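Novice: Handing over work-v3.cif, mmCIF, C-alpha atoms; chains and numbers go by the auth columns.
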data_final
loop_
_atom_site.group_PDB
_atom_site.id
_atom_site.type_symbol
_atom_site.label_atom_id
_atom_site.label_comp_id
_atom_site.label_asym_id
_atom_site.label_seq_id
_atom_site.Cartn_x
_atom_site.Cartn_y
_atom_site.Cartn_z
_atom_site.B_iso_or_equiv
_atom_site.auth_seq_id
_atom_site.auth_asym_id
ATOM 1 C CA MET A 1 -21.080 -8.088 2.567 0.00 1175 O
ATOM 2 C CA MET A 2 -24.362 -6.580 3.769 0.00 1176 O
ATOM 3 C CA GLU A 3 -25.155 -9.704 5.793 0.00 1177 O
ATOM 4 C CA TYR A 4 -21.643 -9.780 7.247 0.00 1178 O
ATOM 5 C CA GLN A 5 -21.753 -6.118 8.292 0.00 1179 O
ATOM 6 C CA ARG A 6 -25.146 -6.570 9.943 0.00 1180 O
ATOM 7 C CA PHE A 7 -23.959 -9.712 11.728 0.00 1181 O
ATOM 8 C CA ILE A 8 -21.025 -7.789 13.218 0.00 1182 O
ATOM 9 C CA ARG A 9 -23.224 -4.838 14.143 0.00 1183 O
ATOM 10 C CA ASN A 10 -25.846 -7.016 15.838 0.00 1184 O
ATOM 11 C CA ARG A 11 -23.135 -8.499 18.048 0.00 1185 O
ATOM 12 C CA GLN A 12 -21.990 -4.987 18.921 0.00 1186 O
ATOM 13 C CA ILE A 13 -25.573 -3.953 19.712 0.00 1187 O
ATOM 14 C CA GLU A 14 -25.897 -6.874 22.125 0.00 1188 O
ATOM 15 C CA ARG A 15 -22.706 -5.784 23.839 0.00 1189 O
ATOM 16 C CA ALA A 16 -24.077 -2.240 24.034 0.00 1190 O
ATOM 17 C CA LYS A 17 -27.278 -3.555 25.662 0.00 1191 O
ATOM 18 C CA ASN A 18 -25.242 -5.442 28.270 0.00 1192 O
ATOM 19 C CA LEU A 19 -23.213 -2.312 28.888 0.00 1193 O
ATOM 20 C CA LEU A 20 -26.408 -0.333 29.507 0.00 1194 O
ATOM 21 C CA LYS A 21 -27.368 -2.610 32.401 0.00 1195 O
ATOM 22 C CA ASN A 22 -24.459 -1.477 34.554 0.00 1196 O
ATOM 23 C CA ILE A 23 -23.221 1.665 32.865 0.00 1197 O
ATOM 24 C CA ASP A 24 -21.061 3.984 34.969 0.00 1198 O
ATOM 25 C CA PRO A 25 -21.663 7.678 34.138 0.00 1199 O
ATOM 26 C CA GLU A 26 -18.249 8.593 35.533 0.00 1200 O
ATOM 27 C CA THR A 27 -16.325 6.298 33.200 0.00 1201 O
ATOM 28 C CA TYR A 28 -18.605 6.449 30.150 0.00 1202 O
ATOM 29 C CA ARG A 29 -16.776 7.636 27.062 0.00 1203 O
ATOM 30 C CA LYS A 30 -18.420 7.530 23.653 0.00 1204 O
ATOM 31 C CA GLY A 31 -16.125 6.221 20.929 0.00 1205 O
ATOM 32 C CA PRO A 32 -16.624 6.606 17.158 0.00 1206 O
ATOM 33 C CA HIS A 33 -15.978 2.945 16.346 0.00 1207 O
ATOM 34 C CA ASP A 34 -16.649 0.861 19.465 0.00 1208 O
ATOM 35 C CA VAL A 35 -20.012 -0.317 20.807 0.00 1209 O
ATOM 36 C CA THR A 36 -20.547 2.875 22.818 0.00 1210 O
ATOM 37 C CA ARG A 37 -21.463 4.676 19.592 0.00 1211 O
ATOM 38 C CA PHE A 38 -24.851 2.945 19.865 0.00 1212 O
ATOM 39 C CA ILE A 39 -25.500 4.435 23.304 0.00 1213 O
ATOM 40 C CA LYS A 40 -26.905 7.927 23.621 0.00 1214 O
ATOM 41 C CA ARG A 41 -26.811 10.020 26.744 0.00 1215 O
ATOM 42 C CA SER A 42 -29.543 12.490 27.621 0.00 1216 O
ATOM 43 C CA SER A 43 -29.949 14.886 30.536 0.00 1217 O
ATOM 44 C CA ASN A 44 -33.056 16.425 32.027 0.00 1218 O
ATOM 45 C CA GLY A 45 -33.857 18.555 35.017 0.00 1219 O
ATOM 46 C CA LYS A 46 -36.846 20.492 36.296 0.00 1220 O
ATOM 47 C CA ASN A 47 -37.163 23.872 37.967 0.00 1221 O
ATOM 48 C CA GLY A 48 -33.435 24.441 38.220 0.00 1222 O
ATOM 49 C CA GLU A 49 -32.723 21.025 39.679 0.00 1223 O
ATOM 50 C CA LYS A 50 -29.468 19.312 38.807 0.00 1224 O
ATOM 51 C CA ALA A 51 -29.814 17.458 35.531 0.00 1225 O
ATOM 52 C CA ALA A 52 -29.765 13.680 35.726 0.00 1226 O
ATOM 53 C CA ASP A 53 -28.146 11.638 32.965 0.00 1227 O
ATOM 54 C CA TRP A 54 -29.842 8.637 31.496 0.00 1228 O
ATOM 55 C CA TYR A 55 -28.668 6.284 28.777 0.00 1229 O
ATOM 56 C CA ALA A 56 -30.493 4.395 26.045 0.00 1230 O
ATOM 57 C CA LEU A 57 -29.871 2.576 22.805 0.00 1231 O
ATOM 58 C CA ASP A 58 -29.424 5.015 19.909 0.00 1232 O
ATOM 59 C CA THR A 59 -31.779 3.495 17.334 0.00 1233 O
ATOM 60 C CA ASN A 60 -31.311 6.422 14.954 0.00 1234 O
ATOM 61 C CA ARG A 61 -27.580 5.777 14.801 0.00 1235 O
ATOM 62 C CA ILE A 62 -28.173 2.080 14.134 0.00 1236 O
ATOM 63 C CA ALA A 63 -30.618 2.842 11.313 0.00 1237 O
ATOM 64 C CA GLU A 64 -28.223 5.367 9.788 0.00 1238 O
ATOM 65 C CA GLU A 65 -25.425 2.804 9.653 0.00 1239 O
ATOM 66 C CA GLU A 66 -27.651 0.044 8.289 0.00 1240 O
ATOM 67 C CA GLN A 67 -28.604 2.008 5.186 0.00 1241 O
ATOM 68 C CA TYR A 68 -24.990 1.807 3.965 0.00 1242 O
ATOM 69 C CA ASP A 69 -24.561 -1.943 4.510 0.00 1243 O
ATOM 70 C CA GLY A 70 -23.210 -3.680 1.420 0.00 1244 O
ATOM 71 C CA PHE A 71 -22.056 -0.435 -0.196 0.00 1245 O
ATOM 72 C CA TYR A 72 -18.486 0.763 -0.753 0.00 1246 O
ATOM 73 C CA ALA A 73 -18.208 4.539 -1.043 0.00 1247 O
ATOM 74 C CA ILE A 74 -15.366 6.560 -2.526 0.00 1248 O
ATOM 75 C CA ALA A 75 -14.922 10.173 -1.454 0.00 1249 O
ATOM 76 C CA THR A 76 -13.124 12.606 -3.735 0.00 1250 O
ATOM 77 C CA ASN A 77 -12.298 16.306 -3.945 0.00 1251 O
ATOM 78 C CA LEU A 78 -12.393 16.272 -7.767 0.00 1252 O
ATOM 79 C CA ASP A 79 -14.978 18.417 -9.508 0.00 1253 O
ATOM 80 C CA ILE A 80 -18.058 16.445 -10.540 0.00 1254 O
ATOM 81 C CA SER A 81 -20.281 17.341 -13.495 0.00 1255 O
ATOM 82 C CA GLU A 82 -23.910 18.078 -12.749 0.00 1256 O
ATOM 83 C CA ASP A 83 -25.432 16.771 -15.995 0.00 1257 O
ATOM 84 C CA GLU A 84 -26.088 13.052 -16.314 0.00 1258 O
ATOM 85 C CA SER A 85 -23.708 12.318 -19.202 0.00 1259 O
ATOM 86 C CA GLY A 86 -20.832 14.177 -17.554 0.00 1260 O
ATOM 87 C CA LEU A 87 -21.572 12.548 -14.206 0.00 1261 O
ATOM 88 C CA LYS A 88 -21.235 9.044 -15.653 0.00 1262 O
ATOM 89 C CA LYS A 89 -17.910 9.993 -17.229 0.00 1263 O
ATOM 90 C CA ASP A 90 -16.612 11.505 -13.983 0.00 1264 O
ATOM 91 C CA VAL A 91 -17.696 8.490 -11.927 0.00 1265 O
ATOM 92 C CA GLY A 92 -15.840 6.185 -14.302 0.00 1266 O
ATOM 93 C CA ARG A 93 -12.727 8.358 -14.086 0.00 1267 O
ATOM 94 C CA ILE A 94 -12.814 8.400 -10.275 0.00 1268 O
ATOM 95 C CA LEU A 95 -13.243 4.634 -10.124 0.00 1269 O
ATOM 96 C CA ASP A 96 -10.287 4.175 -12.482 0.00 1270 O
ATOM 97 C CA ILE A 97 -8.124 6.415 -10.305 0.00 1271 O
ATOM 98 C CA SER A 98 -9.192 4.568 -7.165 0.00 1272 O
ATOM 99 C CA ALA A 99 -8.384 1.220 -8.772 0.00 1273 O
ATOM 100 C CA GLN A 100 -4.759 2.357 -9.160 0.00 1274 O
ATOM 101 C CA ARG A 101 -4.301 3.049 -5.446 0.00 1275 O
ATOM 102 C CA TYR A 102 -2.921 -0.418 -4.810 0.00 1276 O
ATOM 103 C CA LYS A 103 -0.006 0.434 -7.114 0.00 1277 O
ATOM 104 C CA ILE A 104 0.896 3.379 -4.900 0.00 1278 O
ATOM 105 C CA GLU A 105 0.804 1.202 -1.801 0.00 1279 O
ATOM 106 C CA ASP A 106 2.914 -1.403 -3.603 0.00 1280 O
ATOM 107 C CA CYS A 107 5.516 1.253 -4.448 0.00 1281 O
ATOM 108 C CA PHE A 108 5.779 2.275 -0.788 0.00 1282 O
ATOM 109 C CA ARG A 109 6.130 -1.382 0.200 0.00 1283 O
ATOM 110 C CA LEU A 110 8.929 -1.888 -2.316 0.00 1284 O
ATOM 111 C CA LEU A 111 10.722 1.237 -1.141 0.00 1285 O
ATOM 112 C CA LYS A 112 10.663 0.115 2.481 0.00 1286 O
ATOM 113 C CA THR A 113 11.132 -3.624 2.039 0.00 1287 O
ATOM 114 C CA ASN A 114 13.323 -4.077 -1.027 0.00 1288 O
ATOM 115 C CA PHE A 115 15.115 -0.742 -1.431 0.00 1289 O
ATOM 116 C CA SER A 116 15.787 0.019 2.259 0.00 1290 O
ATOM 117 C CA SER A 117 14.297 3.504 2.248 0.00 1291 O
ATOM 118 C CA ARG A 118 13.599 3.069 5.960 0.00 1292 O
ATOM 119 C CA PRO A 119 15.038 3.304 8.512 0.00 1293 O
ATOM 120 C CA VAL A 120 17.119 6.333 7.554 0.00 1294 O
ATOM 121 C CA TYR A 121 20.580 6.474 9.115 0.00 1295 O
ATOM 122 C CA HIS A 122 21.309 10.077 8.103 0.00 1296 O
ATOM 123 C CA HIS A 123 20.810 13.317 10.013 0.00 1297 O
ATOM 124 C CA SER A 124 21.660 16.199 7.682 0.00 1298 O
ATOM 125 C CA LYS A 125 19.059 17.361 5.177 0.00 1299 O
ATOM 126 C CA PRO A 126 21.255 16.931 2.044 0.00 1300 O
ATOM 127 C CA ARG A 127 22.103 13.336 2.986 0.00 1301 O
ATOM 128 C CA ILE A 128 18.451 12.487 3.707 0.00 1302 O
ATOM 129 C CA ILE A 129 17.395 13.943 0.338 0.00 1303 O
ATOM 130 C CA ALA A 130 20.182 12.023 -1.414 0.00 1304 O
ATOM 131 C CA HIS A 131 19.122 8.808 0.319 0.00 1305 O
ATOM 132 C CA PHE A 132 15.535 9.065 -0.872 0.00 1306 O
ATOM 133 C CA MET A 133 16.542 10.200 -4.358 0.00 1307 O
ATOM 134 C CA ILE A 134 18.634 7.028 -4.708 0.00 1308 O
ATOM 135 C CA CYS A 135 15.684 4.939 -3.486 0.00 1309 O
ATOM 136 C CA TYR A 136 13.221 6.638 -5.849 0.00 1310 O
ATOM 137 C CA THR A 137 15.631 6.289 -8.781 0.00 1311 O
ATOM 138 C CA ALA A 138 16.018 2.563 -8.021 0.00 1312 O
ATOM 139 C CA LEU A 139 12.223 2.240 -7.892 0.00 1313 O
ATOM 140 C CA LEU A 140 11.856 4.038 -11.234 0.00 1314 O
ATOM 141 C CA ILE A 141 14.438 1.791 -12.926 0.00 1315 O
ATOM 142 C CA PHE A 142 12.792 -1.267 -11.411 0.00 1316 O
ATOM 143 C CA ARG A 143 9.316 -0.276 -12.651 0.00 1317 O
ATOM 144 C CA LEU A 144 10.647 0.375 -16.153 0.00 1318 O
ATOM 145 C CA LEU A 145 12.331 -3.021 -16.151 0.00 1319 O
ATOM 146 C CA GLN A 146 9.181 -4.687 -14.840 0.00 1320 O
ATOM 147 C CA LYS A 147 7.127 -2.983 -17.563 0.00 1321 O
ATOM 148 C CA LYS A 148 9.536 -4.095 -20.264 0.00 1322 O
ATOM 149 C CA LEU A 149 9.420 -7.676 -18.999 0.00 1323 O
ATOM 150 C CA ALA A 150 5.606 -7.605 -19.008 0.00 1324 O
ATOM 151 C CA LEU A 151 5.481 -6.261 -22.596 0.00 1325 O
ATOM 152 C CA ALA A 152 7.738 -9.131 -23.640 0.00 1326 O
ATOM 153 C CA GLY A 153 5.354 -11.632 -22.049 0.00 1327 O
ATOM 154 C CA TYR A 154 7.294 -12.262 -18.827 0.00 1328 O
ATOM 155 C CA HIS A 155 5.474 -11.926 -15.523 0.00 1329 O
ATOM 156 C CA PHE A 156 7.417 -12.188 -12.274 0.00 1330 O
ATOM 157 C CA THR A 157 6.724 -10.997 -8.763 0.00 1331 O
ATOM 158 C CA PRO A 158 8.710 -7.973 -7.522 0.00 1332 O
ATOM 159 C CA ASN A 159 10.513 -10.197 -5.015 0.00 1333 O
ATOM 160 C CA GLU A 160 11.628 -12.581 -7.766 0.00 1334 O
ATOM 161 C CA ILE A 161 13.068 -9.754 -9.848 0.00 1335 O
ATOM 162 C CA VAL A 162 14.753 -7.968 -6.947 0.00 1336 O
ATOM 163 C CA GLU A 163 16.187 -11.187 -5.538 0.00 1337 O
ATOM 164 C CA THR A 164 17.654 -12.109 -8.932 0.00 1338 O
ATOM 165 C CA LEU A 165 19.261 -8.682 -9.336 0.00 1339 O
ATOM 166 C CA GLN A 166 20.643 -8.676 -5.796 0.00 1340 O
ATOM 167 C CA ASN A 167 22.187 -12.130 -6.280 0.00 1341 O
ATOM 168 C CA MET A 168 24.002 -11.138 -9.474 0.00 1342 O
ATOM 169 C CA GLN A 169 27.430 -10.725 -7.924 0.00 1343 O
ATOM 170 C CA ILE A 170 30.874 -11.498 -9.363 0.00 1344 O
ATOM 171 C CA THR A 171 34.213 -12.111 -7.694 0.00 1345 O
ATOM 172 C CA ASN A 172 37.730 -11.123 -8.760 0.00 1346 O
ATOM 173 C CA VAL A 173 39.954 -14.153 -9.454 0.00 1347 O
ATOM 174 C CA ASN A 174 43.620 -13.130 -9.089 0.00 1348 O
ATOM 175 C CA ASP A 175 43.044 -9.985 -11.171 0.00 1349 O
ATOM 176 C CA ILE A 176 42.824 -12.239 -14.241 0.00 1350 O
ATOM 177 C CA PHE A 177 39.082 -12.655 -14.694 0.00 1351 O
ATOM 178 C CA TYR A 178 35.789 -12.355 -12.819 0.00 1352 O
ATOM 179 C CA ALA A 179 33.631 -15.340 -11.914 0.00 1353 O
ATOM 180 C CA ALA A 180 29.858 -15.169 -11.462 0.00 1354 O
ATOM 181 C CA THR A 181 28.708 -16.236 -7.997 0.00 1355 O
ATOM 182 C CA TYR A 182 25.075 -16.505 -9.038 0.00 1356 O
ATOM 183 C CA GLU A 183 23.167 -19.294 -10.766 0.00 1357 O
ATOM 184 C CA GLY A 184 20.663 -19.248 -13.586 0.00 1358 O
ATOM 185 C CA SER A 185 16.958 -18.593 -13.096 0.00 1359 O
ATOM 186 C CA GLN A 186 13.852 -17.847 -15.114 0.00 1360 O
ATOM 187 C CA VAL A 187 14.203 -14.136 -14.386 0.00 1361 O
ATOM 188 C CA LEU A 188 17.849 -14.200 -15.517 0.00 1362 O
ATOM 189 C CA THR A 189 16.880 -15.973 -18.732 0.00 1363 O
ATOM 190 C CA ALA A 190 14.211 -13.336 -19.403 0.00 1364 O
ATOM 191 C CA LEU A 191 16.667 -10.487 -18.735 0.00 1365 O
ATOM 192 C CA ASN A 192 19.208 -12.075 -21.045 0.00 1366 O
ATOM 193 C CA THR A 193 16.527 -12.279 -23.745 0.00 1367 O
ATOM 194 C CA LEU A 194 15.728 -8.582 -23.347 0.00 1368 O
ATOM 195 C CA TYR A 195 19.383 -7.562 -23.243 0.00 1369 O
ATOM 196 C CA PRO A 196 21.256 -10.152 -25.366 0.00 1370 O
ATOM 197 C CA MET A 197 24.403 -8.019 -25.647 0.00 1371 O
ATOM 198 C CA SER A 198 24.907 -8.092 -21.880 0.00 1372 O
ATOM 199 C CA LYS A 199 25.271 -11.922 -21.765 0.00 1373 O
ATOM 200 C CA LEU A 200 24.165 -12.011 -18.154 0.00 1374 O
ATOM 201 C CA ASP A 201 24.176 -15.795 -17.970 0.00 1375 O
ATOM 202 C CA ARG A 202 27.923 -16.173 -18.423 0.00 1376 O
ATOM 203 C CA LYS A 203 30.044 -17.899 -15.806 0.00 1377 O
ATOM 204 C CA TYR A 204 33.256 -15.924 -16.435 0.00 1378 O
ATOM 205 C CA TYR A 205 33.912 -12.329 -17.462 0.00 1379 O
ATOM 206 C CA GLN A 206 37.066 -10.699 -18.731 0.00 1380 O
ATOM 207 C CA PRO A 207 37.840 -7.249 -17.263 0.00 1381 O
ATOM 208 C CA LYS A 208 37.770 -5.610 -20.711 0.00 1382 O
ATOM 209 C CA GLU A 209 34.335 -7.129 -21.360 0.00 1383 O
ATOM 210 C CA LEU A 210 32.935 -5.685 -18.136 0.00 1384 O
ATOM 211 C CA LYS A 211 34.406 -2.275 -18.932 0.00 1385 O
ATOM 212 C CA LYS A 212 32.716 -2.427 -22.324 0.00 1386 O
ATOM 213 C CA LEU A 213 29.392 -3.357 -20.728 0.00 1387 O
ATOM 214 C CA PHE A 214 29.631 -0.514 -18.209 0.00 1388 O
ATOM 215 C CA LYS A 215 30.468 1.889 -21.013 0.00 1389 O
ATOM 216 C CA ASN A 216 27.404 0.782 -22.999 0.00 1390 O
ATOM 217 C CA PHE A 217 25.110 1.096 -19.960 0.00 1391 O
ATOM 218 C CA SER A 218 26.428 4.534 -19.020 0.00 1392 O
ATOM 219 C CA GLY A 219 26.132 5.685 -22.632 0.00 1393 O
#
Represent the structure of the file as C-alpha coordinates.

Specialist:
Amino acid sequence: MMEYQRFIRNRQIERAKNLLKNIDPETYRKGPHDVTRFIKRSSNGKNGEKAADWYALDTNRIAEEEQYDGFYAIATNLDISEDESGLKKDVGRILDISAQRYKIEDCFRLLKTNFSSRPVYHHSKPRIIAHFMICYTALLIFRLLQKKLALAGYHFTPNEIVETLQNMQITNVNDIFYAATYEGSQVLTALNTLYPMSKLDRKYYQPKELKKLFKNFSG
(Lines of atoms letter the chains of each structure in order from A and count residues from 1; the text may use other names and numbers.)
(Lines give C-alpha, C1' and ligand atoms only; values in the text may rest on other atoms or scores of the structure.)
Protein backbone atom coordinates (compact mmCIF):
# COMPACT_ATOMS: atom_id res chain seq x y z
CA MET A 1 0.00 0.00 0.00
CA MET A 2 2.87 2.37 0.80
CA GLU A 3 4.46 1.73 -2.60
CA TYR A 4 1.13 2.19 -4.36
CA GLN A 5 0.39 5.49 -2.61
CA ARG A 6 3.85 6.83 -3.43
CA PHE A 7 3.52 5.72 -7.06
CA ILE A 8 0.27 7.67 -7.39
CA ARG A 9 1.72 10.70 -5.63
CA ASN A 10 4.85 10.76 -7.79
CA ARG A 11 2.66 10.88 -10.89
CA GLN A 12 0.74 13.77 -9.37
CA ILE A 13 4.00 15.57 -8.53
CA GLU A 14 5.10 15.27 -12.16
CA ARG A 15 1.81 16.77 -13.26
CA ALA A 16 2.29 19.58 -10.74
CA LYS A 17 5.77 20.27 -12.17
CA ASN A 18 4.35 20.49 -15.69
CA LEU A 19 1.65 22.81 -14.41
CA LEU A 20 4.30 25.09 -12.90
CA LYS A 21 5.88 25.67 -16.31
CA ASN A 22 2.87 27.55 -17.64
CA ILE A 23 0.85 28.37 -14.56
CA ASP A 24 -1.73 31.15 -14.91
CA PRO A 25 -2.06 33.23 -11.70
CA GLU A 26 -5.54 34.35 -12.74
CA THR A 27 -6.94 30.83 -13.01
CA TYR A 28 -4.88 29.13 -10.29
CA ARG A 29 -7.05 27.52 -7.65
CA LYS A 30 -5.56 25.30 -4.97
CA GLY A 31 -7.57 22.14 -4.37
CA PRO A 32 -7.32 19.83 -1.33
CA HIS A 33 -7.09 16.62 -3.34
CA ASP A 34 -5.83 17.45 -6.84
CA VAL A 35 -2.23 18.06 -7.94
CA THR A 36 -2.41 21.78 -7.11
CA ARG A 37 -2.07 20.90 -3.42
CA PHE A 38 1.64 20.38 -4.13
CA ILE A 39 2.04 23.93 -5.44
CA LYS A 40 2.58 26.79 -3.03
CA ARG A 41 2.10 30.43 -3.86
CA SER A 42 4.19 33.17 -2.29
CA SER A 43 4.11 36.94 -2.66
CA ASN A 44 6.81 39.52 -2.08
CA GLY A 45 7.19 43.22 -2.62
CA LYS A 46 9.67 45.90 -1.64
CA ASN A 47 9.22 49.48 -0.48
CA GLY A 48 5.48 49.51 -1.00
CA GLU A 49 5.67 48.04 -4.49
CA LYS A 50 2.89 45.76 -5.65
CA ALA A 51 3.55 42.22 -4.51
CA ALA A 52 4.41 39.72 -7.21
CA ASP A 53 3.23 36.12 -6.94
CA TRP A 54 5.55 33.24 -7.59
CA TYR A 55 4.87 29.52 -7.47
CA ALA A 56 7.00 26.55 -6.45
CA LEU A 57 6.71 22.92 -5.49
CA ASP A 58 5.58 22.52 -1.87
CA THR A 59 8.14 20.00 -0.61
CA ASN A 60 6.89 20.31 2.97
CA ARG A 61 3.42 19.20 1.92
CA ILE A 62 4.86 16.24 0.01
CA ALA A 63 6.95 15.15 3.01
CA GLU A 64 3.96 15.49 5.34
CA GLU A 65 1.86 13.20 3.16
CA GLU A 66 4.63 10.65 2.70
CA GLN A 67 4.97 9.98 6.42
CA TYR A 68 1.47 8.45 6.45
CA ASP A 69 1.97 6.16 3.44
CA GLY A 70 0.96 2.58 4.21
CA PHE A 71 -0.99 3.54 7.32
CA TYR A 72 -4.77 3.46 7.83
CA ALA A 73 -5.95 5.85 10.54
CA ILE A 74 -9.25 5.81 12.41
CA ALA A 75 -10.51 9.01 14.00
CA THR A 76 -12.92 8.85 16.91
CA ASN A 77 -14.62 11.16 19.40
CA LEU A 78 -14.66 8.47 22.11
CA ASP A 79 -12.73 9.12 25.30
CA ILE A 80 -9.31 7.47 25.30
CA SER A 81 -7.48 6.35 28.44
CA GLU A 82 -4.11 7.91 29.12
CA ASP A 83 -2.43 4.95 30.84
CA GLU A 84 -0.92 2.22 28.68
CA SER A 85 -3.15 -0.66 29.78
CA GLY A 86 -6.33 1.37 29.30
CA LEU A 87 -5.10 2.69 25.96
CA LYS A 88 -4.64 -0.81 24.56
CA LYS A 89 -8.15 -1.74 25.68
CA ASP A 90 -9.65 1.40 24.14
CA VAL A 91 -7.80 0.90 20.85
CA GLY A 92 -9.13 -2.65 20.62
CA ARG A 93 -12.67 -1.44 21.33
CA ILE A 94 -12.45 1.28 18.67
CA LEU A 95 -11.13 -1.18 16.10
CA ASP A 96 -13.97 -3.58 16.89
CA ILE A 97 -16.53 -0.81 16.44
CA SER A 98 -14.93 0.26 13.16
CA ALA A 99 -14.97 -3.32 11.89
CA GLN A 100 -18.77 -3.33 12.23
CA ARG A 101 -19.25 -0.31 9.96
CA TYR A 102 -19.73 -2.48 6.90
CA LYS A 103 -22.85 -3.93 8.55
CA ILE A 104 -24.35 -0.45 8.79
CA GLU A 105 -23.62 0.22 5.13
CA ASP A 106 -25.11 -3.17 4.24
CA CYS A 107 -28.30 -2.29 6.13
CA PHE A 108 -28.67 0.95 4.17
CA ARG A 109 -28.09 -0.96 0.93
CA LEU A 110 -30.78 -3.49 1.83
CA LEU A 111 -33.22 -0.75 2.76
CA LYS A 112 -32.76 1.02 -0.57
CA THR A 113 -32.34 -1.96 -2.87
CA ASN A 114 -34.47 -4.75 -1.42
CA PHE A 115 -37.02 -2.97 0.77
CA SER A 116 -37.72 0.05 -1.47
CA SER A 117 -37.11 2.69 1.18
CA ARG A 118 -36.19 5.09 -1.62
CA PRO A 119 -37.55 6.84 -3.55
CA VAL A 120 -40.34 7.97 -1.23
CA TYR A 121 -43.67 8.66 -2.92
CA HIS A 122 -45.28 10.36 0.09
CA HIS A 123 -45.50 14.03 1.02
CA SER A 124 -47.11 14.28 4.46
CA LYS A 125 -44.95 13.71 7.53
CA PRO A 126 -47.10 10.89 9.04
CA ARG A 127 -47.02 8.92 5.78
CA ILE A 128 -43.25 9.37 5.40
CA ILE A 129 -42.70 8.18 8.99
CA ALA A 130 -45.00 5.20 8.40
CA HIS A 131 -43.14 4.33 5.20
CA PHE A 132 -39.76 4.20 6.92
CA MET A 133 -41.14 2.40 9.97
CA ILE A 134 -42.42 -0.37 7.67
CA CYS A 135 -39.01 -0.53 5.96
CA TYR A 136 -37.12 -0.65 9.27
CA THR A 137 -39.48 -3.30 10.65
CA ALA A 138 -38.93 -5.42 7.52
CA LEU A 139 -35.17 -5.00 7.95
CA LEU A 140 -35.37 -6.04 11.61
CA ILE A 141 -37.40 -9.17 10.79
CA PHE A 142 -35.01 -10.00 7.97
CA ARG A 143 -31.92 -9.67 10.20
CA LEU A 144 -33.50 -11.87 12.87
CA LEU A 145 -34.32 -14.48 10.25
CA GLN A 146 -30.81 -14.26 8.80
CA LYS A 147 -29.33 -14.69 12.29
CA LYS A 148 -31.50 -17.71 12.99
CA LEU A 149 -30.48 -19.30 9.70
CA ALA A 150 -26.80 -18.70 10.49
CA LEU A 151 -27.13 -20.26 13.98
CA ALA A 152 -28.67 -23.33 12.34
CA GLY A 153 -25.70 -23.61 9.99
CA TYR A 154 -27.31 -22.07 6.89
CA HIS A 155 -25.50 -19.25 5.12
CA PHE A 156 -27.20 -17.44 2.26
CA THR A 157 -26.69 -14.04 0.70
CA PRO A 158 -29.30 -11.35 1.47
CA ASN A 159 -30.42 -11.41 -2.17
CA GLU A 160 -31.03 -15.16 -2.04
CA ILE A 161 -33.18 -14.86 1.07
CA VAL A 162 -35.14 -11.83 -0.11
CA GLU A 163 -35.70 -13.29 -3.57
CA THR A 164 -37.03 -16.53 -2.06
CA LEU A 165 -39.43 -14.66 0.23
CA GLN A 166 -40.64 -12.37 -2.55
CA ASN A 167 -41.32 -15.35 -4.84
CA MET A 168 -43.44 -17.16 -2.25
CA GLN A 169 -46.81 -16.29 -3.74
CA ILE A 170 -50.02 -18.34 -3.91
CA THR A 171 -53.05 -18.08 -6.16
CA ASN A 172 -56.73 -18.66 -5.42
CA VAL A 173 -58.19 -21.58 -7.40
CA ASN A 174 -61.98 -21.15 -7.68
CA ASP A 175 -62.25 -20.33 -3.96
CA ILE A 176 -61.61 -24.03 -3.26
CA PHE A 177 -57.90 -24.09 -2.49
CA TYR A 178 -54.70 -22.08 -2.98
CA ALA A 179 -51.86 -23.21 -5.22
CA ALA A 180 -48.22 -22.22 -4.69
CA THR A 181 -46.73 -20.37 -7.66
CA TYR A 182 -43.17 -20.76 -6.39
CA GLU A 183 -40.72 -23.63 -6.68
CA GLY A 184 -38.40 -25.22 -4.15
CA SER A 185 -34.95 -23.87 -3.34
CA GLN A 186 -32.19 -24.32 -0.80
CA VAL A 187 -33.40 -21.27 1.12
CA LEU A 188 -36.96 -22.64 1.18
CA THR A 189 -35.71 -25.99 2.46
CA ALA A 190 -33.78 -24.23 5.23
CA LEU A 191 -36.82 -22.14 6.20
CA ASN A 192 -38.99 -25.23 6.28
CA THR A 193 -36.44 -26.88 8.59
CA LEU A 194 -36.54 -23.91 10.95
CA TYR A 195 -40.33 -23.66 10.86
CA PRO A 196 -41.60 -27.22 10.26
CA MET A 197 -45.17 -26.39 11.29
CA SER A 198 -45.51 -23.88 8.46
CA LYS A 199 -44.93 -26.52 5.72
CA LEU A 200 -43.71 -23.89 3.30
CA ASP A 201 -42.80 -26.40 0.62
CA ARG A 202 -46.36 -27.53 -0.04
CA LYS A 203 -47.91 -27.20 -3.48
CA TYR A 204 -51.52 -26.74 -2.33
CA TYR A 205 -53.06 -25.05 0.70
CA GLN A 206 -56.56 -25.26 2.09
CA PRO A 207 -58.08 -21.94 3.23
CA LYS A 208 -58.54 -23.20 6.80
CA GLU A 209 -54.86 -24.22 6.91
CA LEU A 210 -53.73 -20.74 5.86
CA LYS A 211 -56.01 -19.14 8.44
CA LYS A 212 -54.46 -21.38 11.08
CA LEU A 213 -50.95 -20.42 9.96
CA PHE A 214 -51.77 -16.71 10.05
CA LYS A 215 -53.27 -17.12 13.50
CA ASN A 216 -50.10 -18.84 14.76
CA PHE A 217 -47.84 -16.15 13.26
CA SER A 218 -49.91 -13.29 14.65
CA GLY A 219 -50.03 -14.98 18.06

Novice: Could you jot down the atom CA of Ala1249 of chain O to atom CA of Lys1204 of chain O separation for me, Å, one decimal place?

Specialist: 25.5 Å

Novice: For Tyr1310 of chain O, list every protein, DNA or RNA residue within 12 Å, evaluated using only C-alpha atoms, and leave out those in the same chain fewer than 3 positions away; present the list as a VMD selection string.

Specialist: chain O and resid 1281 to 1282 1284 to 1286 1288 to 1291 1303 to 1307 1313 to 1317

Novice: Would you please work out which residue, of O:Val1347, O:Ala1226, O:Met1176, O:Ala1353, is nearest to Gly1244 of chain O when using all atoms listed in the file?

Specialist: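 Of O:Val1347, O:Ala1226, O:Met1176, O:Ala1353, the one nearest Gly1244 of chain O is O:Met1176, counting all atoms listed in the file.
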
Novice: If you measure from atom CA of Leu1362 of chain O to atom CA of Gln1380 of chain O, what distance in Å do you get, rounded to one decimal?

Specialist: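 Separation of atom CA of Leu1362 of chain O and atom CA of Gln1380 of chain O: 19.8 Å.
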
Novice: In terms of the shortest atom-to-atom distance over all atoms listed in the file, which of O:Val1361, O:Ile1236, O:Ile1213, O:Leu1384 is closest to Ile1197 of chain O?

Specialist: O:Ile1213

Novice: Taking all atoms listed in the file into account, which of O:Arg1183, O:Pro1300, O:Asp1227, O:Thr1311 comes nearest Thr1210 of chain O?

Specialist: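 Closest to Thr1210 of chain O of all the choices is O:Arg1183.
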
Novice: Between atom CA of Phe1330 of chain O and atom CA of Lys1373 of chain O, what is the distance, to one decimal in Å?

Specialist: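 Straight-line distance from atom CA of Phe1330 of chain O to atom CA of Lys1373 of chain O works out to 20.2 Å.
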
Novice: Just checking: using all atoms listed in the file, which residue out of O:Met1342, O:Tyr1295, O:Arg1211, O:His1329 ends up closest to Arg1189 of chain O?

Specialist: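 Result for the nearest residue to Arg1189 of chain O: O:Arg1211.
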